[in-house]
file upload_17.cif (mmCIF, C-alpha atoms and all ligand atoms)
data_structure
#
loop_
_atom_site.label_atom_id
_atom_site.label_comp_id
_atom_site.auth_asym_id
_atom_site.auth_seq_id
_atom_site.Cartn_x
_atom_site.Cartn_y
_atom_site.Cartn_z
CA ALA A 215 31.13 71.02 92.58
CA ALA A 216 29.37 72.96 89.87
CA ALA A 217 30.85 76.15 91.29
CA ARG A 218 33.98 75.25 89.35
CA SER A 219 32.05 75.95 86.18
CA ALA A 220 31.26 79.44 87.35
CA ASP A 221 34.83 80.55 87.95
CA ALA A 222 36.80 83.15 86.04
CA ARG A 223 37.65 80.64 83.33
CA ARG A 224 34.07 80.85 82.06
CA PRO A 225 33.03 84.51 82.41
CA GLY A 226 29.85 83.92 80.40
CA LEU A 227 28.70 80.80 82.20
CA ALA A 228 26.66 81.04 85.37
CA SER A 229 26.38 78.07 87.71
CA THR A 230 22.67 78.90 87.46
CA ALA A 231 22.57 77.60 83.87
CA PRO A 232 19.44 75.35 83.85
CA PHE A 233 21.42 72.35 82.57
CA LEU A 234 23.89 72.52 85.47
CA ARG A 235 21.11 73.13 88.01
CA ALA A 236 19.14 70.09 86.79
CA CYS A 237 22.30 67.94 86.97
CA ARG A 238 22.73 68.85 90.62
CA ARG A 239 19.01 68.30 91.33
CA ASP A 240 18.40 71.96 92.04
CA GLN A 241 15.12 72.26 90.07
CA PRO A 242 15.45 75.08 87.47
CA GLU A 243 12.31 76.94 86.31
CA THR A 244 12.56 75.67 82.75
CA THR A 245 13.63 72.12 81.97
CA PRO A 246 16.95 72.08 80.09
CA VAL A 247 17.17 70.19 76.78
CA TRP A 248 19.91 68.99 74.42
CA PHE A 249 20.07 66.08 71.98
CA MET A 250 22.50 63.19 71.83
CA ARG A 251 24.09 63.31 68.34
CA GLN A 252 22.93 66.90 67.83
CA ALA A 253 26.40 67.68 66.43
CA GLY A 254 26.74 66.29 62.96
CA ARG A 255 24.39 63.94 61.21
CA VAL A 256 21.24 65.91 60.42
CA LEU A 257 22.43 69.40 59.57
CA PRO A 258 23.04 70.33 55.90
CA GLU A 259 25.80 72.73 57.01
CA TYR A 260 27.51 69.74 58.70
CA ARG A 261 27.26 67.61 55.57
CA ALA A 262 28.69 70.46 53.50
CA LEU A 263 31.63 70.88 55.86
CA ARG A 264 32.30 67.11 55.99
CA ALA A 265 31.89 66.53 52.23
CA ASP A 266 35.60 65.99 51.52
CA VAL A 267 36.82 65.26 55.05
CA PRO A 268 36.86 61.76 56.59
CA MET A 269 35.08 61.55 59.96
CA LEU A 270 38.22 60.93 62.02
CA ASP A 271 40.10 63.76 60.30
CA SER A 272 37.32 66.15 61.29
CA CYS A 273 37.69 64.97 64.91
CA ARG A 274 41.39 65.94 64.87
CA ASP A 275 40.96 69.48 63.53
CA PRO A 276 40.20 72.10 66.22
CA ALA A 277 38.51 74.48 63.76
CA MET A 278 36.21 71.71 62.46
CA ILE A 279 35.44 70.44 65.97
CA THR A 280 34.53 73.95 67.09
CA GLU A 281 32.36 74.71 64.07
CA ILE A 282 30.49 71.37 64.16
CA THR A 283 29.89 71.69 67.91
CA MET A 284 28.49 75.21 67.40
CA GLN A 285 26.20 74.42 64.44
CA PRO A 286 23.36 72.83 66.47
CA VAL A 287 23.74 75.48 69.17
CA ARG A 288 23.01 78.19 66.61
CA ARG A 289 20.12 76.27 65.08
CA PHE A 290 18.31 74.83 68.09
CA ARG A 291 19.42 76.99 71.04
CA PRO A 292 19.71 73.91 73.28
CA ASP A 293 20.73 74.25 76.94
CA ALA A 294 24.05 72.45 76.37
CA ALA A 295 26.53 71.76 73.61
CA ILE A 296 28.17 68.36 73.12
CA PHE A 297 31.81 68.28 72.07
CA PHE A 298 32.18 66.93 68.53
CA SER A 299 34.33 63.81 68.59
CA ASP A 300 33.80 60.05 68.69
CA ILE A 301 34.27 57.30 71.26
CA VAL A 302 37.10 55.76 69.21
CA VAL A 303 39.15 58.99 68.98
CA PRO A 304 41.35 58.18 72.04
CA LEU A 305 42.00 54.67 70.66
CA VAL A 306 43.08 56.10 67.30
CA ALA A 307 45.22 58.64 69.18
CA ILE A 308 47.27 55.87 70.85
CA GLY A 309 47.89 54.26 67.48
CA LEU A 310 45.14 51.71 66.87
CA ASP A 311 44.10 51.25 63.25
CA ILE A 312 40.38 52.07 63.38
CA ASP A 313 38.23 53.56 60.65
CA ILE A 314 34.71 54.96 60.96
CA VAL A 315 32.76 53.64 57.99
CA ALA A 316 29.68 55.65 57.03
CA GLY A 317 26.48 53.78 57.75
CA VAL A 318 28.40 51.08 59.66
CA GLY A 319 30.41 52.57 62.49
CA PRO A 320 33.90 51.90 63.86
CA VAL A 321 35.85 49.07 62.15
CA VAL A 322 39.02 47.77 63.85
CA ALA A 323 41.79 46.43 61.58
CA GLU A 324 43.30 44.11 64.19
CA PRO A 325 40.75 43.07 66.81
CA VAL A 326 41.97 42.67 70.40
CA ARG A 327 41.45 39.05 71.40
CA ASP A 328 44.57 37.95 73.28
CA SER A 329 47.07 39.25 75.80
CA ALA A 330 49.64 40.04 73.09
CA ARG A 331 47.26 42.58 71.50
CA LEU A 332 46.55 44.18 74.88
CA ALA A 333 49.96 45.82 74.78
CA ALA A 334 48.64 48.10 72.02
CA LEU A 335 46.33 49.69 74.60
CA ARG A 336 48.92 51.97 76.14
CA ALA A 337 47.99 54.92 78.36
CA LEU A 338 46.77 58.10 76.62
CA GLU A 339 48.80 61.26 77.23
CA PRO A 340 47.42 64.79 76.84
CA ASP A 341 49.94 65.34 74.03
CA ASP A 342 48.22 62.56 72.04
CA VAL A 343 45.11 64.74 71.67
CA PRO A 344 46.26 68.39 71.48
CA TYR A 345 43.32 69.15 69.15
CA VAL A 346 40.90 68.26 71.96
CA THR A 347 42.45 70.71 74.40
CA GLN A 348 42.58 73.42 71.74
CA ALA A 349 38.98 72.91 70.61
CA VAL A 350 37.58 72.91 74.16
CA ARG A 351 39.37 76.20 74.87
CA ASP A 352 38.13 77.75 71.62
CA LEU A 353 34.59 76.56 72.31
CA LEU A 354 34.48 78.04 75.81
CA GLY A 355 35.05 81.43 74.23
CA GLU A 356 32.34 80.93 71.61
CA LEU A 357 29.69 79.33 73.77
CA GLY A 358 29.21 82.12 76.28
CA GLY A 359 26.48 81.01 78.65
CA THR A 360 25.89 77.58 77.13
CA PRO A 361 27.54 74.70 79.04
CA LEU A 362 29.82 72.30 77.14
CA ILE A 363 29.51 68.53 77.70
CA GLY A 364 32.59 66.39 77.15
CA PHE A 365 32.26 62.64 76.61
CA ALA A 366 33.93 59.28 76.22
CA GLY A 367 32.99 55.68 75.55
CA ALA A 368 32.73 53.43 78.61
CA PRO A 369 35.11 50.45 78.91
CA PHE A 370 32.50 47.84 77.98
CA THR A 371 31.26 49.58 74.83
CA LEU A 372 34.84 50.24 73.66
CA ALA A 373 35.78 46.63 74.45
CA SER A 374 32.91 45.37 72.31
CA TYR A 375 34.20 47.26 69.25
CA LEU A 376 37.79 46.13 69.88
CA VAL A 377 37.01 42.46 70.50
CA GLU A 378 34.39 42.08 67.75
CA GLY A 379 36.34 44.21 65.30
CA GLY A 380 33.29 46.34 64.56
CA PRO A 381 29.63 46.80 65.42
CA SER A 382 27.92 43.70 66.76
CA ARG A 383 24.38 42.63 67.42
CA ASN A 384 25.02 39.91 69.99
CA HIS A 385 28.55 40.69 71.26
CA LEU A 386 29.43 36.99 70.98
CA ARG A 387 33.22 37.21 71.03
CA THR A 388 33.06 39.86 73.73
CA LYS A 389 30.98 37.67 76.02
CA ALA A 390 33.08 34.62 75.17
CA MET A 391 36.16 36.46 76.47
CA MET A 392 34.27 37.80 79.50
CA TYR A 393 33.11 34.33 80.56
CA GLY A 394 36.02 32.24 79.27
CA GLU A 395 39.03 34.40 80.09
CA PRO A 396 37.95 36.65 82.97
CA GLU A 397 41.51 37.69 83.82
CA LEU A 398 42.18 38.83 80.26
CA TRP A 399 38.78 40.54 80.25
CA HIS A 400 39.46 42.52 83.42
CA GLU A 401 42.92 43.49 82.16
CA LEU A 402 41.33 44.74 78.92
CA LEU A 403 38.68 46.76 80.74
CA ASP A 404 41.25 48.10 83.17
CA ARG A 405 43.35 49.43 80.29
CA LEU A 406 40.28 50.93 78.62
CA ALA A 407 39.21 52.57 81.89
CA THR A 408 42.68 54.16 82.11
CA ILE A 409 42.42 55.46 78.53
CA THR A 410 38.86 56.73 78.99
CA THR A 411 39.74 58.46 82.25
CA ALA A 412 42.70 60.18 80.58
CA PHE A 413 40.55 61.28 77.61
CA LEU A 414 37.94 62.78 79.95
CA ARG A 415 40.70 64.32 82.09
CA VAL A 416 41.99 66.24 79.06
CA GLN A 417 38.49 67.57 78.41
CA VAL A 418 37.80 68.48 82.06
CA ASP A 419 41.17 70.17 82.49
CA ALA A 420 40.56 72.16 79.31
CA GLY A 421 37.26 73.32 80.82
CA VAL A 422 34.22 71.23 79.85
CA ASP A 423 31.31 71.80 82.24
CA ALA A 424 30.02 68.21 82.46
CA VAL A 425 30.92 64.76 81.13
CA GLN A 426 28.84 61.94 79.67
CA LEU A 427 30.08 58.36 79.76
CA PHE A 428 28.47 56.43 76.87
CA ASP A 429 28.00 52.75 77.66
CA SER A 430 25.73 52.39 74.66
CA TRP A 431 25.78 48.59 74.50
CA ALA A 432 25.70 47.76 78.25
CA GLY A 433 22.05 46.81 77.84
CA ALA A 434 23.21 43.56 76.22
CA LEU A 435 24.22 42.35 79.70
CA SER A 436 22.23 40.88 82.59
CA GLU A 437 22.41 42.91 85.79
CA ASP A 438 24.54 40.26 87.45
CA ASP A 439 27.08 40.21 84.60
CA TYR A 440 27.05 44.00 84.43
CA ARG A 441 27.87 44.28 88.14
CA ARG A 442 30.56 41.60 87.98
CA TYR A 443 32.35 42.31 84.70
CA VAL A 444 31.73 45.98 83.92
CA ALA A 445 30.60 48.13 86.86
CA PRO A 446 33.96 48.25 88.73
CA HIS A 447 35.70 49.64 85.63
CA SER A 448 33.06 52.27 84.85
CA ALA A 449 33.06 53.19 88.54
CA ARG A 450 36.79 53.87 88.42
CA VAL A 451 36.33 56.23 85.45
CA LEU A 452 33.47 58.16 87.06
CA ALA A 453 35.14 58.35 90.50
CA ALA A 454 38.01 60.31 88.93
CA PHE A 455 35.66 63.29 88.40
CA ALA A 456 33.63 63.19 91.62
CA GLY A 457 32.97 66.70 92.87
CA GLU A 458 34.53 68.29 89.77
CA VAL A 459 31.82 68.31 87.11
CA PRO A 460 28.41 66.58 86.78
CA ARG A 461 28.76 63.03 85.43
CA ILE A 462 26.06 61.64 83.11
CA HIS A 463 26.01 57.87 82.54
CA PHE A 464 24.04 56.56 79.55
CA GLY A 465 23.23 53.29 77.81
CA VAL A 466 20.52 51.86 75.56
CA ASN A 467 18.16 49.05 76.63
CA THR A 468 19.26 49.45 80.23
CA GLY A 469 15.86 49.22 81.95
CA GLU A 470 17.12 46.36 84.11
CA LEU A 471 20.47 48.07 84.77
CA LEU A 472 19.30 51.53 85.83
CA ALA A 473 19.94 51.02 89.54
CA ALA A 474 23.38 49.53 88.89
CA MET A 475 24.32 52.28 86.44
CA GLY A 476 23.32 54.92 88.99
CA GLN A 477 25.38 53.20 91.67
CA VAL A 478 28.64 53.26 89.75
CA GLY A 479 28.98 56.96 90.50
CA ALA A 480 26.79 59.00 88.17
CA ASP A 481 25.07 62.27 89.07
CA VAL A 482 22.65 61.88 86.14
CA VAL A 483 21.46 58.60 84.60
CA GLY A 484 20.46 58.63 80.93
CA VAL A 485 17.34 56.60 80.16
CA ASP A 486 16.19 55.28 76.79
CA TRP A 487 12.53 55.50 75.71
CA ARG A 488 11.51 52.03 76.89
CA VAL A 489 11.06 52.89 80.58
CA PRO A 490 8.90 55.91 81.57
CA LEU A 491 11.01 58.50 83.41
CA ASP A 492 9.06 58.36 86.68
CA GLU A 493 9.51 54.59 86.81
CA ALA A 494 13.18 55.01 85.79
CA ALA A 495 13.71 57.49 88.65
CA ARG A 496 12.15 54.99 91.05
CA ARG A 497 14.51 52.25 89.84
CA ILE A 498 17.56 54.54 90.02
CA GLY A 499 16.71 55.68 93.55
CA PRO A 500 17.31 58.95 95.40
CA GLY A 501 20.24 61.29 94.87
CA ARG A 502 20.38 61.09 91.08
CA ALA A 503 18.90 63.19 88.27
CA VAL A 504 17.56 61.58 85.08
CA GLN A 505 18.17 62.44 81.42
CA GLY A 506 15.86 61.53 78.55
CA ASN A 507 13.79 60.06 77.13
CA LEU A 508 11.67 60.91 74.08
CA ASP A 509 11.67 58.11 71.49
CA PRO A 510 14.00 59.35 68.68
CA ALA A 511 11.35 58.12 66.21
CA ALA A 512 8.70 60.42 67.77
CA VAL A 513 10.08 63.24 65.59
CA PHE A 514 8.28 61.54 62.68
CA ALA A 515 4.87 61.62 64.44
CA PRO A 516 2.20 64.21 63.58
CA GLU A 517 2.78 67.40 65.57
CA PRO A 518 -0.04 66.91 68.12
CA VAL A 519 1.22 63.39 68.89
CA LEU A 520 4.79 64.67 69.23
CA ALA A 521 3.67 67.53 71.50
CA ALA A 522 1.72 65.10 73.71
CA LYS A 523 4.76 62.81 73.96
CA VAL A 524 7.02 65.74 74.89
CA GLY A 525 4.44 66.77 77.53
CA ASP A 526 4.37 63.24 78.93
CA VAL A 527 8.18 63.10 79.22
CA LEU A 528 8.14 66.51 80.98
CA ALA A 529 5.40 65.47 83.42
CA ARG A 530 7.13 62.22 84.33
CA GLY A 531 10.56 63.90 84.49
CA ALA A 532 9.12 66.45 86.94
CA LYS A 533 8.68 63.58 89.41
CA ALA A 534 12.45 62.94 89.42
CA GLU A 535 14.83 64.96 91.60
CA GLY A 536 16.30 66.53 88.49
CA HIS A 537 15.50 66.20 84.77
CA VAL A 538 17.50 66.99 81.65
CA PHE A 539 15.30 66.52 78.58
CA ASN A 540 16.85 64.53 75.74
CA LEU A 541 15.98 61.81 73.29
CA GLY A 542 16.21 58.20 74.49
CA HIS A 543 19.14 57.65 72.06
CA GLY A 544 20.87 59.69 69.37
CA VAL A 545 19.10 61.80 66.76
CA LEU A 546 18.21 59.57 63.80
CA PRO A 547 19.87 60.58 60.50
CA GLU A 548 16.51 61.14 58.75
CA THR A 549 15.34 63.68 61.35
CA ASP A 550 14.12 67.09 60.14
CA PRO A 551 16.22 69.71 62.01
CA GLY A 552 13.15 71.96 62.18
CA VAL A 553 11.41 69.39 64.37
CA LEU A 554 14.33 69.41 66.81
CA ALA A 555 14.08 73.20 67.07
CA HIS A 556 10.34 72.80 67.73
CA ILE A 557 11.02 70.28 70.53
CA VAL A 558 13.37 72.77 72.21
CA ASP A 559 10.55 75.35 72.11
CA LEU A 560 8.02 72.84 73.49
CA VAL A 561 10.32 71.87 76.35
CA HIS A 562 11.09 75.49 77.23
CA ALA A 563 7.41 76.42 77.13
CA GLY A 564 6.79 73.57 79.61
O1 LIG A 601 26.49 63.62 70.11
C1 LIG A 601 27.08 64.37 69.32
O2 LIG A 601 26.48 65.09 68.51
C2 LIG A 601 28.59 64.47 69.41
C3 LIG A 601 29.31 63.64 68.53
C4 LIG A 601 29.31 62.13 68.72
C5 LIG A 601 29.65 61.30 67.64
N1 LIG A 601 29.76 60.02 68.09
C6 LIG A 601 29.92 61.78 66.26
C7 LIG A 601 29.72 60.85 65.16
C8 LIG A 601 29.12 61.31 69.83
C9 LIG A 601 28.70 61.67 71.23
C10 LIG A 601 29.41 59.99 69.42
C11 LIG A 601 29.39 58.83 70.35
C12 LIG A 601 29.41 57.48 69.79
N2 LIG A 601 30.10 57.00 68.72
C13 LIG A 601 28.73 56.38 70.38
C14 LIG A 601 27.92 56.47 71.62
C15 LIG A 601 26.59 57.14 71.35
C16 LIG A 601 25.54 56.27 70.77
O3 LIG A 601 25.02 56.63 69.70
O4 LIG A 601 25.19 55.26 71.39
C17 LIG A 601 29.00 55.24 69.61
C18 LIG A 601 28.45 53.87 69.85
C19 LIG A 601 29.88 55.64 68.56
C20 LIG A 601 30.47 54.80 67.50
C21 LIG A 601 30.00 55.28 66.17
N3 LIG A 601 30.60 56.32 65.49
C22 LIG A 601 28.85 54.90 65.46
C23 LIG A 601 27.90 53.79 65.86
C24 LIG A 601 28.76 55.72 64.34
C25 LIG A 601 27.66 55.78 63.29
C26 LIG A 601 28.01 55.12 62.02
C27 LIG A 601 26.95 55.50 60.98
O5 LIG A 601 27.31 56.18 60.02
O6 LIG A 601 25.79 55.09 61.15
C28 LIG A 601 29.85 56.60 64.36
C29 LIG A 601 30.14 57.66 63.39
C30 LIG A 601 29.81 59.03 63.86
N4 LIG A 601 30.14 59.55 65.08
C31 LIG A 601 29.17 60.03 63.10
C32 LIG A 601 29.12 61.17 63.91
C33 LIG A 601 28.59 62.53 63.55
C34 LIG A 601 28.69 59.87 61.66
C35 LIG A 601 29.86 60.12 60.78
C36 LIG A 601 29.44 60.69 59.45
O7 LIG A 601 28.94 61.83 59.43
O8 LIG A 601 29.70 60.00 58.46
#
call {"tool": "encode", "arguments": {"input": "upload_17.cif", "output": "structure tokens", "more": "lines below"}}
Ligand code: CP3
result
Amino acid sequence: AAARSADARRPGLASTAPFLRACRRDQPETTPVWFMRQAGRVLPEYRALRADVPMLDSCRDPAMITEITMQPVRRFRPDAAIFFSDIVVPLVAIGLDIDIVAGVGPVVAEPVRDSARLAALRALEPDDVPYVTQAVRDLLGELGGTPLIGFAGAPFTLASYLVEGGPSRNHLRTKAMMYGEPELWHELLDRLATITTAFLRVQVDAGVDAVQLFDSWAGALSEDDYRRYVAPHSARVLAAFAGEVPRIHFGVNTGELLAAMGQVGADVVGVDWRVPLDEAARRIGPGRAVQGNLDPAAVFAPEPVLAAKVGDVLARGAKAEGHVFNLGHGVLPETDPGVLAHIVDLVHAG
């Protein structure tokens, strides 16, 4: 599978890159590390570049995507780059009116709450996102030996934004539809799975080396509801890339869902900071690598405390079949970039 990443398309990239080896549970000598939300957010050079450019405009400009993806690679020397985009980009590309409001998140002008609105969720075509194809190609040339991770939002997390109309604490309307109108719910998730699969397909065909499916809010569900209402749709997305590139599957607050999230077809399961990695690996079961799981707030701890926490994550991760070091969720906006660079050094020193 990973051999595809080592072909002529990526002269600089060896299939022996530690990130790719850890994903396929082929223990590399040094543990690979990257950070969710490493692109954007904390870097002054990102803020300067974005000063006069709305978030979604920057996601549709290949030169901006490439530069913002490269900025943390230059600063931190992580073992992987994450493509700069957002989970709502494919929805905007098919014509939905969605804005990303600073400090809030995605806001949907016309929430999707009935079958009439479902028609707006048409299939995504590669021509809808030419800037994605272009930026991936440009990045492969710039990245050399550093693997590039593509990503998309999972059907449930996208559905929550569409049904609620924006960020939500309790996902009330989403669950009301799930329980009250299961046929409408499954039709909505089916359409979102089709869109997400197409968005990842564009990235994989352009050459990304791995994909991460973000089901950030899946932890709001019981395991039973997750398996019944969500898992089949996420499984369809992930199955489309089986044997092509490593598939990472991540959510927050998913301690009770780890086994189920591993079973929907992931090669690597992302774990937040609430469950220690050795226990997470036990819950996930054999045949999967783990990714995580330093508390994003640990960057504000005194250095010896931070170093001990990094050491603990490494020791527990070593008990899994494969381990990609990361934070348990995205980099917090207040984070000092210098601390992230230090964490990379700590992880590489073992
Ligand atoms: O990880 C990376 O560095 C790559 C870029 C990336 C962004 N969004 C850029 C972004 C990724 C992987 C995402 C995924 C994403 N977007 C998720 C899943 C990951 C997670 O954190 O759970 C979700 C839920 C979204 C939706 C979204 N978009 C939120 C909640 C926000 C934050 C709003 C805020 O300002 O607090 C966004 C905006 C966003 N996406 C920013 C960035 C860099 C901030 C935009 C800005 O700079 O103003």
call {"tool": "residues_around", "arguments": {"input": "upload_17.cif", "residues": "segment 378-388 of chain A", "least_positions_apart": "5", "cutoff": "10 Å", "atoms": "only C-alpha atoms", "output": "list in words"}}
result
Ile312, Asp313, Ile314, Val315, Val318, Gly319, Pro320, Val321, Val322, Ala323, Glu324, Pro325, Val326, Arg327, Phe370, Thr371, Ala373, Tyr393, Gly394, Trp399, Trp431, Ala434 and Leu435 of chain A
call {"tool": "residues_near_ligand", "arguments": {"input": "upload_17.cif", "ligand": "ligand LIG 601 (chain A)", "cutoff": "8 Å", "atoms": "only C-alpha atoms and all ligand atoms", "output": "PyMOL selection string"}}
result
chain A and resi 249-255+261+264+268-269+283+296-302+314-320+365-367+371+381+428-431+465-466+543-544
call {"tool": "atom_distance", "arguments": {"input": "upload_17.cif", "atom1": "atom CA of Leu335 of chain A", "atom2": "atom CA of Ile282 of chain A"}}
result
28.8 Å
call {"tool": "atom_distance", "arguments": {"input": "upload_17.cif", "atom1": "atom CA of Gln348 of chain A", "atom2": "atom CA of Ser272 of chain A"}}
result
13.8 Å
call {"tool": "residues_around", "arguments": {"input": "upload_17.cif", "residues": "Thr549 of chain A", "least_positions_apart": "2", "cutoff": "12 Å", "atoms": "all atoms listed in the file", "output": "list in words"}}
result
Phe249, Arg251, Gln252, Gly254, Arg255, Val256, Leu257, Pro258, Pro510, Ala511, Ala512, Val513, Phe514, Ala515, Gly544, Val545, Leu546, Pro547, Pro551, Gly552, Val553, Leu554 and Ala555 of chain A
call {"tool": "residues_around", "arguments": {"input": "upload_17.cif", "residues": "Val561 of chain A", "least_positions_apart": "6", "cutoff": "8 Å", "atoms": "all atoms listed in the file", "output": "ChimeraX atom specification"}}
result
/A:244-247,524-525,528,539
call {"tool": "closest_residue", "arguments": {"input": "upload_17.cif", "among": "A:Val418, A:Leu402, A:Ala454, A:Leu427", "to": "Val483 of chain A", "atoms": "only C-alpha atoms"}}
result
A:Leu427
call {"tool": "atom_distance", "arguments": {"input": "upload_17.cif", "atom1": "atom CA of Val444 of chain A", "atom2": "atom CA of Asn467 of chain A"}}
result
15.7 Å
call {"tool": "residues_near_point", "arguments": {"input": "upload_17.cif", "point": "(6.8, 64.0, 81.0)", "cutoff": "10 Å", "atoms": "only C-alpha atoms", "output": "list of chain:residue names"}}
result
A:Pro490, A:Leu491, A:Asp492, A:Gly506, A:Asn507, A:Leu508, A:Ala522, A:Lys523, A:Val524, A:Gly525, A:Asp526, A:Val527, A:Leu528, A:Ala529, A:Arg530, A:Gly531, A:Ala532, A:Lys533, A:His537, A:Phe539, A:Val561, A:Gly564
call {"tool": "residues_around", "arguments": {"input": "upload_17.cif", "residues": "segment 350-353 of chain A", "least_positions_apart": "4", "cutoff": "7 Å", "atoms": "all atoms listed in the file", "output": "CSV table (one decimal) with C-alpha atoms, keeping the file's coordinate frame"}}
result
chain,number,residue,atom,x,y,z
A,280,THR,CA,34.5,74.0,67.1
A,346,VAL,CA,40.9,68.3,72.0
A,357,LEU,CA,29.7,79.3,73.8
A,417,GLN,CA,38.5,67.6,78.4
A,420,ALA,CA,40.6,72.2,79.3
A,421,GLY,CA,37.3,73.3,80.8
A,422,VAL,CA,34.2,71.2,79.8
call {"tool": "closest_residue", "arguments": {"input": "upload_17.cif", "among": "A:Tyr375, A:Tyr440, A:Tyr345, A:Phe464", "to": "Met278 of chain A", "atoms": "all atoms listed in the file"}}
result
A:Tyr345
call {"tool": "residues_around", "arguments": {"input": "upload_17.cif", "residues": "Gly501 of chain A", "least_positions_apart": "4", "cutoff": "10 Å", "atoms": "all atoms listed in the file", "output": "list in words"}}
result
Arg238, Arg239, Gly476, Ala480, Asp481, Val482, Ala495, Ala534, Glu535 and Gly536 of chain A
call {"tool": "closest_residue", "arguments": {"input": "upload_17.cif", "among": "A:Leu376, A:Ala307, A:Cys237, A:Ala474", "to": "Pro460 of chain A", "atoms": "only C-alpha atoms"}}
result
A:Cys237
call {"tool": "closest_residue", "arguments": {"input": "upload_17.cif", "among": "A:Asp341, A:Glu356, A:Glu548, A:Asp328", "to": "Met284 of chain A", "atoms": "all atoms listed in the file"}}
result
A:Glu356
call {"tool": "build_atoms", "arguments": {"input": "upload_17.cif", "residues": "segment 543-558 of chain A", "atoms": "N, CA and C atoms", "output": "CSV table (one decimal), in the frame of the given file"}}
result
chain,number,residue,atom,x,y,z
A,543,HIS,N,17.9,58.0,72.7
A,543,HIS,CA,19.1,57.6,72.1
A,543,HIS,C,19.4,58.8,71.1
A,544,GLY,N,20.5,58.6,70.3
A,544,GLY,CA,20.9,59.7,69.4
A,544,GLY,C,19.8,60.1,68.3
A,545,VAL,N,19.9,61.3,67.9
A,545,VAL,CA,19.1,61.8,66.8
A,545,VAL,C,19.3,60.9,65.6
A,546,LEU,N,18.2,60.4,65.0
A,546,LEU,CA,18.2,59.6,63.8
A,546,LEU,C,18.6,60.4,62.6
A,547,PRO,N,19.4,59.8,61.6
A,547,PRO,CA,19.9,60.6,60.5
A,547,PRO,C,18.8,61.2,59.7
A,548,GLU,N,17.6,60.6,59.6
A,548,GLU,CA,16.5,61.1,58.8
A,548,GLU,C,15.7,62.3,59.4
A,549,THR,N,16.1,62.7,60.6
A,549,THR,CA,15.3,63.7,61.4
A,549,THR,C,15.4,65.1,60.7
A,550,ASP,N,14.2,65.7,60.6
A,550,ASP,CA,14.1,67.1,60.1
A,550,ASP,C,14.6,68.0,61.2
A,551,PRO,N,15.7,68.8,61.0
A,551,PRO,CA,16.2,69.7,62.0
A,551,PRO,C,15.2,70.7,62.6
A,552,GLY,N,14.2,71.0,61.7
A,552,GLY,CA,13.2,72.0,62.2
A,552,GLY,C,12.3,71.4,63.3
A,553,VAL,N,12.2,70.0,63.3
A,553,VAL,CA,11.4,69.4,64.4
A,553,VAL,C,12.2,69.4,65.7
A,554,LEU,N,13.5,69.3,65.6
A,554,LEU,CA,14.3,69.4,66.8
A,554,LEU,C,14.2,70.8,67.4
A,555,ALA,N,14.2,71.8,66.6
A,555,ALA,CA,14.1,73.2,67.1
A,555,ALA,C,12.7,73.4,67.7
A,556,HIS,N,11.7,72.7,67.2
A,556,HIS,CA,10.3,72.8,67.7
A,556,HIS,C,10.3,72.1,69.1
A,557,ILE,N,11.0,71.0,69.2
A,557,ILE,CA,11.0,70.3,70.5
A,557,ILE,C,11.7,71.2,71.6
A,558,VAL,N,12.7,71.9,71.2
A,558,VAL,CA,13.4,72.8,72.2
A,558,VAL,C,12.3,73.8,72.7
